[in-house]
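**Student:** Sharing work28.csv below, CSV, C-alpha atoms:
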```csv
chain,number,residue,atom,x,y,z
A,23,MET,CA,9.9,-12.2,-8.0
A,24,SER,CA,7.3,-11.8,-10.6
A,25,ASP,CA,7.0,-11.6,-14.4
A,26,ALA,CA,6.1,-7.9,-14.0
A,27,ASP,CA,9.4,-6.9,-12.4
A,28,PRO,CA,11.1,-4.8,-15.0
A,29,THR,CA,14.5,-4.9,-13.2
A,30,ARG,CA,14.8,-8.7,-13.5
A,31,VAL,CA,14.9,-11.2,-16.4
A,32,LYS,CA,14.9,-14.9,-16.7
A,33,VAL,CA,18.1,-16.6,-17.8
A,34,ARG,CA,17.7,-20.2,-18.9
A,35,PHE,CA,20.3,-22.9,-18.3
A,36,SER,CA,20.5,-26.1,-20.4
A,37,LEU,CA,20.7,-29.3,-18.3
A,38,VAL,CA,21.8,-32.8,-19.1
A,39,ILE,CA,19.5,-35.5,-17.8
A,40,ASP,CA,21.4,-38.5,-16.6
A,41,GLU,CA,20.5,-42.2,-17.0
A,42,ASP,CA,18.5,-42.1,-13.8
A,43,GLY,CA,16.4,-39.3,-15.1
A,44,TRP,CA,17.9,-36.6,-13.0
A,45,PRO,CA,17.4,-33.7,-13.1
A,46,PRO,CA,13.8,-34.1,-14.1
A,47,VAL,CA,13.9,-31.2,-16.5
A,48,SER,CA,16.1,-30.3,-19.5
A,49,SER,CA,16.4,-26.6,-18.6
A,50,GLU,CA,15.9,-24.3,-15.6
A,51,GLY,CA,15.0,-20.6,-15.7
A,52,LEU,CA,16.5,-18.4,-13.0
A,53,TRP,CA,15.7,-14.7,-12.2
A,54,ALA,CA,18.6,-12.4,-12.8
A,55,GLU,CA,19.6,-8.8,-12.7
A,56,PRO,CA,21.0,-7.4,-16.0
A,57,LEU,CA,24.4,-5.9,-15.4
A,58,GLY,CA,25.3,-5.0,-19.0
A,59,ASP,CA,27.7,-6.5,-21.5
A,60,ASP,CA,25.7,-9.7,-21.6
A,61,GLN,CA,26.3,-10.3,-17.8
A,62,PHE,CA,23.6,-11.1,-15.3
A,63,ARG,CA,23.6,-11.6,-11.5
A,64,ILE,CA,21.5,-14.6,-10.4
A,65,ASP,CA,18.8,-13.5,-8.0
A,66,ASN,CA,17.5,-16.8,-6.7
A,67,THR,CA,18.7,-20.2,-5.6
A,68,PRO,CA,19.0,-22.8,-8.4
A,69,TRP,CA,17.1,-26.0,-8.1
A,70,PHE,CA,19.0,-28.1,-10.6
A,71,VAL,CA,21.8,-26.1,-12.2
A,72,ARG,CA,25.1,-27.4,-10.9
A,73,ASN,CA,28.1,-25.2,-9.9
A,74,LEU,CA,25.9,-22.2,-9.6
A,75,ALA,CA,24.6,-20.2,-6.6
A,76,ALA,CA,22.6,-17.1,-5.8
A,77,GLU,CA,24.4,-13.8,-6.6
A,78,ASP,CA,26.8,-15.5,-9.1
A,79,VAL,CA,27.4,-13.5,-12.3
A,80,VAL,CA,26.9,-15.3,-15.6
A,81,THR,CA,26.9,-14.5,-19.2
A,82,ALA,CA,23.9,-15.1,-21.4
A,83,LEU,CA,22.9,-14.5,-25.0
A,84,ALA,CA,19.4,-14.3,-26.5
A,85,GLY,CA,18.5,-17.1,-28.8
A,86,SER,CA,16.5,-16.6,-32.0
A,87,ASP,CA,13.3,-16.8,-29.9
A,88,GLY,CA,14.5,-14.1,-27.6
A,89,VAL,CA,15.1,-16.4,-24.6
A,90,LEU,CA,18.3,-15.6,-22.7
A,91,TRP,CA,20.5,-18.7,-22.5
A,92,ALA,CA,23.4,-18.9,-20.1
A,93,THR,CA,26.8,-19.3,-21.7
A,94,GLY,CA,29.0,-19.4,-18.6
A,95,ARG,CA,29.8,-18.2,-15.1
A,96,VAL,CA,32.2,-15.3,-14.8
A,97,HIS,CA,32.1,-14.7,-11.0
A,98,TRP,CA,31.3,-17.0,-8.1
A,99,SER,CA,29.5,-15.2,-5.2
A,100,GLY,CA,31.0,-17.4,-2.5
A,101,ARG,CA,27.6,-18.8,-1.7
A,102,CYS,CA,26.8,-22.5,-1.6
A,103,THR,CA,23.7,-24.3,-3.0
A,104,ILE,CA,22.7,-27.4,-1.3
A,105,ARG,CA,19.7,-29.5,-2.3
A,106,VAL,CA,17.8,-31.4,0.4
A,107,ILE,CA,15.0,-34.0,0.0
A,108,PRO,CA,13.3,-34.6,3.3
A,109,ARG,CA,12.5,-38.3,3.6
A,110,ARG,CA,8.8,-39.1,3.7
A,111,ASP,CA,9.6,-42.2,5.8
A,112,GLY,CA,11.8,-40.2,8.2
A,113,PRO,CA,11.1,-38.0,11.3
A,114,LEU,CA,10.3,-34.9,9.2
A,115,VAL,CA,7.7,-36.9,7.1
A,116,GLY,CA,8.8,-35.1,4.0
A,117,ASP,CA,8.1,-31.6,5.4
A,118,ARG,CA,10.1,-29.1,3.4
A,119,GLN,CA,9.3,-26.2,5.7
A,120,ALA,CA,10.8,-28.1,8.6
A,121,VAL,CA,14.1,-28.3,6.7
A,122,LEU,CA,14.0,-24.5,6.1
A,123,ASP,CA,13.1,-23.9,9.8
A,124,LEU,CA,16.1,-26.0,11.0
A,125,PHE,CA,18.6,-24.1,8.9
A,126,ALA,CA,17.2,-20.5,9.5
A,127,PRO,CA,19.1,-20.0,12.8
A,128,PHE,CA,22.3,-20.5,10.9
A,129,GLY,CA,21.5,-17.7,8.5
A,130,VAL,CA,20.7,-20.1,5.7
A,131,SER,CA,17.6,-19.5,3.6
A,132,GLY,CA,16.0,-21.4,0.8
A,133,GLU,CA,12.8,-22.4,-0.8
A,134,GLY,CA,10.9,-25.7,-1.0
A,135,ILE,CA,9.3,-27.0,-4.2
A,136,GLU,CA,6.4,-29.3,-3.8
A,137,GLN,CA,6.5,-30.8,-7.3
A,138,TYR,CA,9.9,-32.5,-6.5
A,139,GLY,CA,9.6,-32.7,-2.7
A,140,MET,CA,12.9,-30.8,-2.2
A,141,VAL,CA,14.5,-27.7,-0.7
A,142,ALA,CA,17.2,-25.6,-2.3
A,143,LEU,CA,19.3,-24.1,0.5
A,144,ASP,CA,21.3,-20.9,-0.1
A,145,VAL,CA,24.3,-20.9,2.2
A,146,PRO,CA,26.0,-17.5,2.4
A,147,PRO,CA,29.8,-17.4,2.8
A,148,ASP,CA,29.7,-15.6,6.2
A,149,VAL,CA,27.7,-18.3,8.1
A,150,ASP,CA,29.2,-21.1,10.1
A,151,VAL,CA,29.7,-23.4,7.1
A,152,PRO,CA,31.2,-26.3,9.1
A,153,ALA,CA,28.1,-26.3,11.4
A,154,VAL,CA,25.7,-26.3,8.5
A,155,LYS,CA,27.6,-29.1,6.8
A,156,ALA,CA,27.6,-31.1,10.1
A,157,MET,CA,23.9,-30.7,10.5
A,158,LEU,CA,23.3,-31.8,6.9
A,159,THR,CA,25.5,-34.9,7.4
A,160,ALA,CA,23.9,-35.7,10.8
A,161,GLY,CA,20.4,-35.3,9.2
A,162,GLU,CA,21.2,-37.7,6.4
A,163,ALA,CA,22.7,-40.2,8.9
A,164,ASP,CA,19.6,-40.2,11.1
A,165,GLY,CA,17.2,-40.5,8.2
A,166,ARG,CA,15.7,-37.0,8.1
A,167,TRP,CA,16.8,-36.2,4.5
A,168,TYR,CA,19.1,-36.8,1.6
A,169,PHE,CA,21.3,-34.0,0.4
A,170,GLU,CA,23.5,-33.1,-2.5
A,171,GLU,CA,26.1,-30.4,-3.0
A,172,GLY,CA,25.0,-28.3,-6.0
A,173,CYS,CA,27.7,-25.6,-5.7
A,174,VAL,CA,30.3,-25.5,-3.0
A,175,GLY,CA,33.8,-24.0,-2.4
A,176,ASP,CA,36.9,-24.7,-0.5
A,177,THR,CA,35.5,-23.8,2.9
A,178,TRP,CA,32.7,-26.3,2.4
A,179,ALA,CA,35.1,-29.0,1.1
A,180,SER,CA,37.4,-28.6,4.1
A,181,ALA,CA,34.7,-28.5,6.7
```
Since I need it in another form, could you write the structure as structure tokens?
**Tutor:**
Amino acid sequence: MSDADPTRVKVRFSLVIDEDGWPPVSSEGLWAEPLGDDQFRIDNTPWFVRNLAAEDVVTALAGSDGVLWATGRVHWSGRCTIRVIPRRDGPLVGDRQAVLDLFAPFGVSGEGIEQYGMVALDVPPDVDVPAVKAMLTAGEADGRWYFEEGCVGDTWASA
């Protein structure tokens, strides 16, 4: 995505920072495809927004400064968002690309962000969700990473 892509816009999401300082930002901007009627399809994986995944449809309204601010989610895509922080003191030595490489055979994609030393995984609904969850759980248990569920559904919860 680039700022020059006329078919995409940025939609901003307000975030609440908890007492531990997480997330480390007060808002996040995500690329989205305008659908009309103040609706937008999210076109990348959220880093910090909770209960949101790629391809979800949200509503957003422009503020007085012209910035589009999300007002709600109207349709869940069925995708899961999982955030992974590879441990610097673990076998992956903090390598974000190693995390992405381990999940690629499952059909899971994502993106690493150096500034926060983390990976946001996009888990499509048609992959082996129990296997992905088992790998994440095993990796946390053996010291490869920490992970958190950013957006999951019933299939994930029951896996």
**Student:** Using only C-alpha atoms, which residue out of A:Gly175, A:Gly43, A:Gly88, A:Pro127 lies closest to Ile104 in chain A?
**Tutor:**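 Of the candidates, the smallest distance to Ile104 in chain A is held by A:Gly175.
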**Student:** Rank A:Asp87, A:Asp65, A:Glu162, A:Asp59 by their smallest atom-to-atom distance to Asp144 in chain A, using all atoms listed in the file, and report the top residue only.
**Tutor:**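 Using all atoms listed in the file, the shortest distance to Asp144 in chain A belongs to A:Asp65.
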**Student:** Could you check which of A:Gly129, A:Pro28, A:Gly112, A:Gly172 is closest to Ala142 in chain A, using all atoms listed in the file?
**Tutor:** A:Gly172
**Student:** Mind listing as an MDAnalysis selection string all residues within 10 Å of (17.5, -19.9, -7.8), counting only C-alpha atoms?
**Tutor:** chainID A and resid 50:54 64:71 74:77 103 132:133 142:144
**Student:** Expressed in Å to a single decimal, how great is the separation between CA of Gln137 in chain A and CA of Leu158 in chain A?
**Tutor:**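 Atom-to-atom, CA of Gln137 in chain A and CA of Leu158 in chain A are spaced 22.0 Å apart.
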